[in-house]
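Containing mmCIF, C-alpha atoms: upload.cif.
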data_input
#
loop_
_atom_site.group_PDB
_atom_site.id
_atom_site.type_symbol
_atom_site.label_atom_id
_atom_site.label_comp_id
_atom_site.auth_asym_id
_atom_site.auth_seq_id
_atom_site.Cartn_x
_atom_site.Cartn_y
_atom_site.Cartn_z
ATOM 1 C CA MET A 193 11.074 5.800 -14.546
ATOM 2 C CA ASP A 194 11.471 2.801 -16.838
ATOM 3 C CA LYS A 195 8.584 1.348 -18.844
ATOM 4 C CA TRP A 196 7.995 -1.522 -16.396
ATOM 5 C CA ASP A 197 7.830 0.787 -13.379
ATOM 6 C CA LYS A 198 5.366 2.954 -15.315
ATOM 7 C CA ARG A 199 3.207 -0.057 -16.226
ATOM 8 C CA PHE A 200 3.052 -1.348 -12.669
ATOM 9 C CA MET A 201 2.385 2.124 -11.249
ATOM 10 C CA ASN A 202 -0.497 2.496 -13.709
ATOM 11 C CA LEU A 203 -1.844 -0.830 -12.466
ATOM 12 C CA THR A 204 -1.668 0.323 -8.820
ATOM 13 C CA GLU A 205 -3.806 3.325 -9.713
ATOM 14 C CA GLU A 206 -6.410 1.064 -11.327
ATOM 15 C CA VAL A 207 -6.423 -1.300 -8.337
ATOM 16 C CA GLY A 208 -6.810 1.738 -6.064
ATOM 17 C CA THR A 209 -10.121 2.595 -7.744
ATOM 18 C CA TRP A 210 -11.567 -0.523 -6.079
ATOM 19 C CA ALA A 211 -10.963 0.924 -2.586
ATOM 20 C CA SER A 212 -13.903 1.307 -0.220
ATOM 21 C CA CYS A 213 -12.451 4.312 1.609
ATOM 22 C CA PHE A 214 -13.710 7.902 1.548
ATOM 23 C CA ARG A 215 -10.391 9.592 2.328
ATOM 24 C CA ARG A 216 -7.897 7.945 0.034
ATOM 25 C CA LYS A 217 -7.937 5.428 -2.832
ATOM 26 C CA VAL A 218 -4.786 3.337 -2.453
ATOM 27 C CA GLY A 219 -3.669 0.466 -4.651
ATOM 28 C CA ALA A 220 -0.732 -1.907 -4.232
ATOM 29 C CA VAL A 221 0.799 -4.460 -6.589
ATOM 30 C CA ILE A 222 3.516 -6.953 -5.626
ATOM 31 C CA VAL A 223 5.760 -7.905 -8.554
ATOM 32 C CA ARG A 224 8.610 -10.359 -9.009
ATOM 33 C CA ASP A 225 10.442 -10.945 -12.294
ATOM 34 C CA LYS A 226 8.003 -8.617 -14.107
ATOM 35 C CA ARG A 227 5.055 -10.778 -12.985
ATOM 36 C CA VAL A 228 2.188 -9.630 -10.785
ATOM 37 C CA MET A 229 2.166 -11.834 -7.677
ATOM 38 C CA ALA A 230 -0.612 -10.130 -5.662
ATOM 39 C CA THR A 231 -2.721 -6.980 -5.540
ATOM 40 C CA GLY A 232 -4.409 -5.060 -2.748
ATOM 41 C CA TYR A 233 -6.490 -1.973 -2.127
ATOM 42 C CA ASN A 234 -7.591 -0.275 1.068
ATOM 43 C CA GLY A 235 -10.876 -1.615 2.311
ATOM 44 C CA ALA A 236 -12.726 -3.289 5.151
ATOM 45 C CA PRO A 237 -11.876 -6.930 5.946
ATOM 46 C CA SER A 238 -14.183 -9.648 4.620
ATOM 47 C CA GLY A 239 -17.516 -9.592 6.410
ATOM 48 C CA ILE A 240 -17.030 -6.048 7.788
ATOM 49 C CA THR A 241 -19.187 -3.203 6.490
ATOM 50 C CA SER A 242 -17.013 -0.720 4.592
ATOM 51 C CA CYS A 243 -17.087 3.054 5.022
ATOM 52 C CA LEU A 244 -18.710 3.443 1.611
ATOM 53 C CA GLU A 245 -21.458 1.021 2.649
ATOM 54 C CA ARG A 246 -21.839 2.799 6.008
ATOM 55 C CA GLY A 247 -22.025 6.156 4.283
ATOM 56 C CA ASP A 248 -19.407 7.800 6.496
ATOM 57 C CA CYS A 249 -15.781 7.657 7.587
ATOM 58 C CA LEU A 250 -14.923 6.760 11.178
ATOM 59 C CA ARG A 251 -11.677 8.774 10.958
ATOM 60 C CA GLU A 252 -13.480 11.887 9.739
ATOM 61 C CA LYS A 253 -16.153 11.536 12.412
ATOM 62 C CA MET A 254 -13.416 11.300 15.076
ATOM 63 C CA ASN A 255 -11.355 14.103 13.438
ATOM 64 C CA ILE A 256 -8.242 11.902 13.233
ATOM 65 C CA GLU A 257 -5.278 13.524 11.492
ATOM 66 C CA SER A 258 -3.751 11.742 8.493
ATOM 67 C CA GLY A 259 -0.696 9.679 9.405
ATOM 68 C CA THR A 260 -1.863 9.045 12.987
ATOM 69 C CA HIS A 261 -3.836 6.290 14.740
ATOM 70 C CA ALA A 262 -4.026 3.940 11.744
ATOM 71 C CA GLU A 263 -5.710 1.380 13.988
ATOM 72 C CA LEU A 264 -8.820 3.567 14.195
ATOM 73 C CA CYS A 265 -10.154 2.715 10.749
ATOM 74 C CA TYR A 266 -12.360 -0.020 9.318
ATOM 75 C CA ALA A 267 -10.045 -0.521 6.340
ATOM 76 C CA ALA A 268 -6.936 -2.622 6.038
ATOM 77 C CA HIS A 269 -4.282 -0.856 3.982
ATOM 78 C CA ALA A 270 -3.603 -1.799 0.356
ATOM 79 C CA GLU A 271 -0.102 -3.063 1.172
ATOM 80 C CA GLN A 272 -1.466 -5.243 3.991
ATOM 81 C CA ASN A 273 -4.158 -6.683 1.734
ATOM 82 C CA ALA A 274 -1.620 -7.502 -1.007
ATOM 83 C CA ILE A 275 0.694 -9.281 1.471
ATOM 84 C CA ILE A 276 -2.271 -11.127 3.010
ATOM 85 C CA GLN A 277 -3.494 -12.185 -0.448
ATOM 86 C CA ALA A 278 -0.062 -13.637 -1.248
ATOM 87 C CA ALA A 279 0.052 -15.493 2.082
ATOM 88 C CA ARG A 280 -3.493 -16.808 1.724
ATOM 89 C CA TYR A 281 -2.762 -18.286 -1.701
ATOM 90 C CA GLY A 282 0.764 -19.511 -0.919
ATOM 91 C CA ILE A 283 2.563 -17.059 -3.193
ATOM 92 C CA ASN A 284 6.225 -16.441 -2.399
ATOM 93 C CA ILE A 285 6.920 -12.683 -2.425
ATOM 94 C CA ASP A 286 10.441 -12.816 -0.974
ATOM 95 C CA GLY A 287 12.713 -10.516 -2.977
ATOM 96 C CA SER A 288 9.821 -8.819 -4.752
ATOM 97 C CA THR A 289 8.957 -5.184 -5.472
ATOM 98 C CA LEU A 290 5.858 -3.522 -4.041
ATOM 99 C CA TYR A 291 4.345 -0.752 -6.138
ATOM 100 C CA CYS A 292 1.936 1.488 -4.262
ATOM 101 C CA THR A 293 0.040 4.652 -5.060
ATOM 102 C CA HIS A 294 1.106 6.133 -1.685
ATOM 103 C CA GLN A 295 4.127 5.877 0.603
ATOM 104 C CA PRO A 296 3.526 3.063 3.109
ATOM 105 C CA CYS A 297 2.823 3.901 6.749
ATOM 106 C CA VAL A 298 5.018 2.530 9.542
ATOM 107 C CA ILE A 299 2.682 -0.437 10.207
ATOM 108 C CA CYS A 300 2.820 -1.436 6.546
ATOM 109 C CA ALA A 301 6.587 -0.802 6.444
ATOM 110 C CA LYS A 302 7.114 -3.378 9.193
ATOM 111 C CA MET A 303 5.020 -5.939 7.292
ATOM 112 C CA ILE A 304 6.803 -5.190 4.010
ATOM 113 C CA ILE A 305 10.223 -5.610 5.618
ATOM 114 C CA ASN A 306 9.260 -8.881 7.343
ATOM 115 C CA ALA A 307 7.658 -10.235 4.139
ATOM 116 C CA GLY A 308 11.056 -9.961 2.423
ATOM 117 C CA ILE A 309 9.975 -7.324 -0.095
ATOM 118 C CA ARG A 310 13.224 -5.688 -1.232
ATOM 119 C CA ARG A 311 11.999 -2.620 -3.124
ATOM 120 C CA VAL A 312 9.081 -0.219 -2.661
ATOM 121 C CA VAL A 313 8.027 2.210 -5.396
ATOM 122 C CA TYR A 314 5.357 4.819 -4.690
ATOM 123 C CA LYS A 315 3.910 7.976 -6.210
ATOM 124 C CA GLU A 316 2.247 10.053 -3.470
ATOM 125 C CA GLY A 317 3.833 10.998 -0.153
ATOM 126 C CA TYR A 318 2.392 10.225 3.286
ATOM 127 C CA PRO A 319 3.150 12.014 6.572
ATOM 128 C CA ASP A 320 5.190 9.199 8.150
ATOM 129 C CA GLU A 321 8.948 9.813 8.227
ATOM 130 C CA PHE A 322 9.450 6.878 10.627
ATOM 131 C CA SER A 323 8.424 4.387 7.926
ATOM 132 C CA LEU A 324 11.135 5.768 5.632
ATOM 133 C CA GLN A 325 13.664 5.457 8.465
ATOM 134 C CA LEU A 326 12.741 1.782 8.960
ATOM 135 C CA PHE A 327 13.074 1.038 5.244
ATOM 136 C CA ARG A 328 16.528 2.653 5.172
ATOM 137 C CA GLU A 329 17.678 0.766 8.264
ATOM 138 C CA ALA A 330 16.399 -2.558 6.880
ATOM 139 C CA GLY A 331 18.077 -1.971 3.528
ATOM 140 C CA THR A 332 14.773 -1.938 1.635
ATOM 141 C CA LEU A 333 15.000 0.267 -1.441
ATOM 142 C CA ILE A 334 12.355 2.996 -1.329
ATOM 143 C CA GLU A 335 11.746 5.097 -4.437
ATOM 144 C CA LYS A 336 9.334 7.944 -5.019
ATOM 145 C CA ILE A 337 8.322 8.057 -8.672
ATOM 146 C CA GLU A 338 8.310 11.528 -10.186
ATOM 147 C CA GLU A 339 6.337 11.860 -13.399
#
Please express the file's structure as structure tokens.
Amino acid sequence: MDKWDKRFMNLTEEVGTWASCFRRKVGAVIVRDKRVMATGYNGAPSGITSCLERGDCLREKMNIESGTHAELCYAAHAEQNAIIQAARYGINIDGSTLYCTHQPCVICAKMIINAGIRRVVYKEGYPDEFSLQLFREAGTLIEKIEE
């Protein structure tokens, strides 16, 4: 891992501490030309009560297995929030790199591919082999950082 990858991965971990999720603290940082373009963490959309504020996790209450039924959650994923932030503020992320604490799920993979992000770097795995298949087919570089 080069020094820039290490720096941006460290930043994703810090951004992940802002998450409002019980199960997993995920951070994402979109970078182009060694510049941070957007950040995101997993949390409830604006105006929606988060799991931390509710005091419980919908997924845990429903006994939903990790990597399944992503739609049954109050939170938007970190990668989604970073892409949305860029779109909301008119920031071009085409050709960028997305650093993320965890491997993106298939829903996020589709958004990442369509947003024109060319490289994804992550630290922790996630039980979603289909997302990796989509990245390979789309020609998006996907790298798991080993420390």
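Take atom CA of Ser288 of chain A and atom CA of Leu264 of chain A: the distance between them is 29.3 Å.
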Sphere at (-0.4, 6.1, -6.3), radius 12 Å, counting only C-alpha atoms: residues as a PyMOL selection string: chain A and resi 198+200-209+216-221+233+270-271+290-296+312-318+336-339
Could those selected residues go to a file with C-alpha atoms, as a compact mmCIF listing (two decimals), in the frame of the given file?
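Result file result_9.txt:
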# COMPACT_ATOMS: atom_id res chain seq x y z
CA LYS A 198 5.37 2.95 -15.32
CA PHE A 200 3.05 -1.35 -12.67
CA MET A 201 2.38 2.12 -11.25
CA ASN A 202 -0.50 2.50 -13.71
CA LEU A 203 -1.84 -0.83 -12.47
CA THR A 204 -1.67 0.32 -8.82
CA GLU A 205 -3.81 3.32 -9.71
CA GLU A 206 -6.41 1.06 -11.33
CA VAL A 207 -6.42 -1.30 -8.34
CA GLY A 208 -6.81 1.74 -6.06
CA THR A 209 -10.12 2.60 -7.74
CA ARG A 216 -7.90 7.94 0.03
CA LYS A 217 -7.94 5.43 -2.83
CA VAL A 218 -4.79 3.34 -2.45
CA GLY A 219 -3.67 0.47 -4.65
CA ALA A 220 -0.73 -1.91 -4.23
CA VAL A 221 0.80 -4.46 -6.59
CA TYR A 233 -6.49 -1.97 -2.13
CA ALA A 270 -3.60 -1.80 0.36
CA GLU A 271 -0.10 -3.06 1.17
CA LEU A 290 5.86 -3.52 -4.04
CA TYR A 291 4.34 -0.75 -6.14
CA CYS A 292 1.94 1.49 -4.26
CA THR A 293 0.04 4.65 -5.06
CA HIS A 294 1.11 6.13 -1.68
CA GLN A 295 4.13 5.88 0.60
CA PRO A 296 3.53 3.06 3.11
CA VAL A 312 9.08 -0.22 -2.66
CA VAL A 313 8.03 2.21 -5.40
CA TYR A 314 5.36 4.82 -4.69
CA LYS A 315 3.91 7.98 -6.21
CA GLU A 316 2.25 10.05 -3.47
CA GLY A 317 3.83 11.00 -0.15
CA TYR A 318 2.39 10.22 3.29
CA LYS A 336 9.33 7.94 -5.02
CA ILE A 337 8.32 8.06 -8.67
CA GLU A 338 8.31 11.53 -10.19
CA GLU A 339 6.34 11.86 -13.40
Measure the distance from atom CA of Arg280 of chain A to atom CA of Val228 of chain A in Å and round it to one decimal. 15.5 Å
Using the chain letters and numbers from this file, what does the PyMOL selection byres ((chain A and resi 227) around 12) select? Give the answer as a PDB file with C-alpha atoms, in the coordinates of the input.
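Writing the result to result_5.pdb gives the following:
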ATOM      1  CA  TRP A 196       7.995  -1.522 -16.396  1.00  0.00           C
ATOM      2  CA  ASP A 197       7.830   0.787 -13.379  1.00  0.00           C
ATOM      3  CA  ARG A 199       3.207  -0.057 -16.226  1.00  0.00           C
ATOM      4  CA  PHE A 200       3.052  -1.348 -12.669  1.00  0.00           C
ATOM      5  CA  VAL A 221       0.799  -4.460  -6.589  1.00  0.00           C
ATOM      6  CA  ILE A 222       3.516  -6.953  -5.626  1.00  0.00           C
ATOM      7  CA  VAL A 223       5.760  -7.905  -8.554  1.00  0.00           C
ATOM      8  CA  ARG A 224       8.610 -10.359  -9.009  1.00  0.00           C
ATOM      9  CA  ASP A 225      10.442 -10.945 -12.294  1.00  0.00           C
ATOM     10  CA  LYS A 226       8.003  -8.617 -14.107  1.00  0.00           C
ATOM     11  CA  VAL A 228       2.188  -9.630 -10.785  1.00  0.00           C
ATOM     12  CA  MET A 229       2.166 -11.834  -7.677  1.00  0.00           C
ATOM     13  CA  ALA A 230      -0.612 -10.130  -5.662  1.00  0.00           C
ATOM     14  CA  THR A 231      -2.721  -6.980  -5.540  1.00  0.00           C
ATOM     15  CA  ILE A 283       2.563 -17.059  -3.193  1.00  0.00           C
ATOM     16  CA  ILE A 285       6.920 -12.683  -2.425  1.00  0.00           C
ATOM     17  CA  SER A 288       9.821  -8.819  -4.752  1.00  0.00           C
ATOM     18  CA  THR A 289       8.957  -5.184  -5.472  1.00  0.00           C
ATOM     19  CA  LEU A 290       5.858  -3.522  -4.041  1.00  0.00           C
TER      20      LEU A 290
END
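Ranking A:Asn234, A:Asn284, A:Gln272, A:Gln277 by their shortest atom-to-atom distance to Lys302 of chain A, with all atoms listed in the file included, puts A:Gln272 first.
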Excluding Ser323 of chain A and its own-chain neighbours fewer than 3 positions away, which residues fall within 8 Å of it when counting all atoms listed in the file? Please give them as number ranges by chain. A: 296-299, 301-302, 320, 326-327
Can you list what the PyMOL selection byres ((chain A and resi 267) around 12) grabs from this structure, as a VMD selection string? chain A and resid 211 to 218 232 to 244 249 to 251 262 to 266 268 to 273
Hey, can you check how far atom CA of Arg328 of chain A sits from atom CA of Ala278 of chain A? 24.1 Å
Can you tell me, as a PyMOL selection string, which residues sit within 8 Å of (13.9, -5.0, -2.0) in the file's frame, using only C-alpha atoms? chain A and resi 287-289+308-312+331-333
Of the residues A:Ile304, A:Thr260, A:Lys253, A:Asp248, which is the one nearest to Ile275 of chain A, using all atoms listed in the file?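 Of all the options, A:Ile304 lies closest to Ile275 of chain A.
Of the listed residues A:Glu257, A:Gln325, A:Tyr281, A:Ala330, the one whose atoms come nearest to Asn306 of chain A is A:Ala330, with distances taken using all atoms listed in the file.
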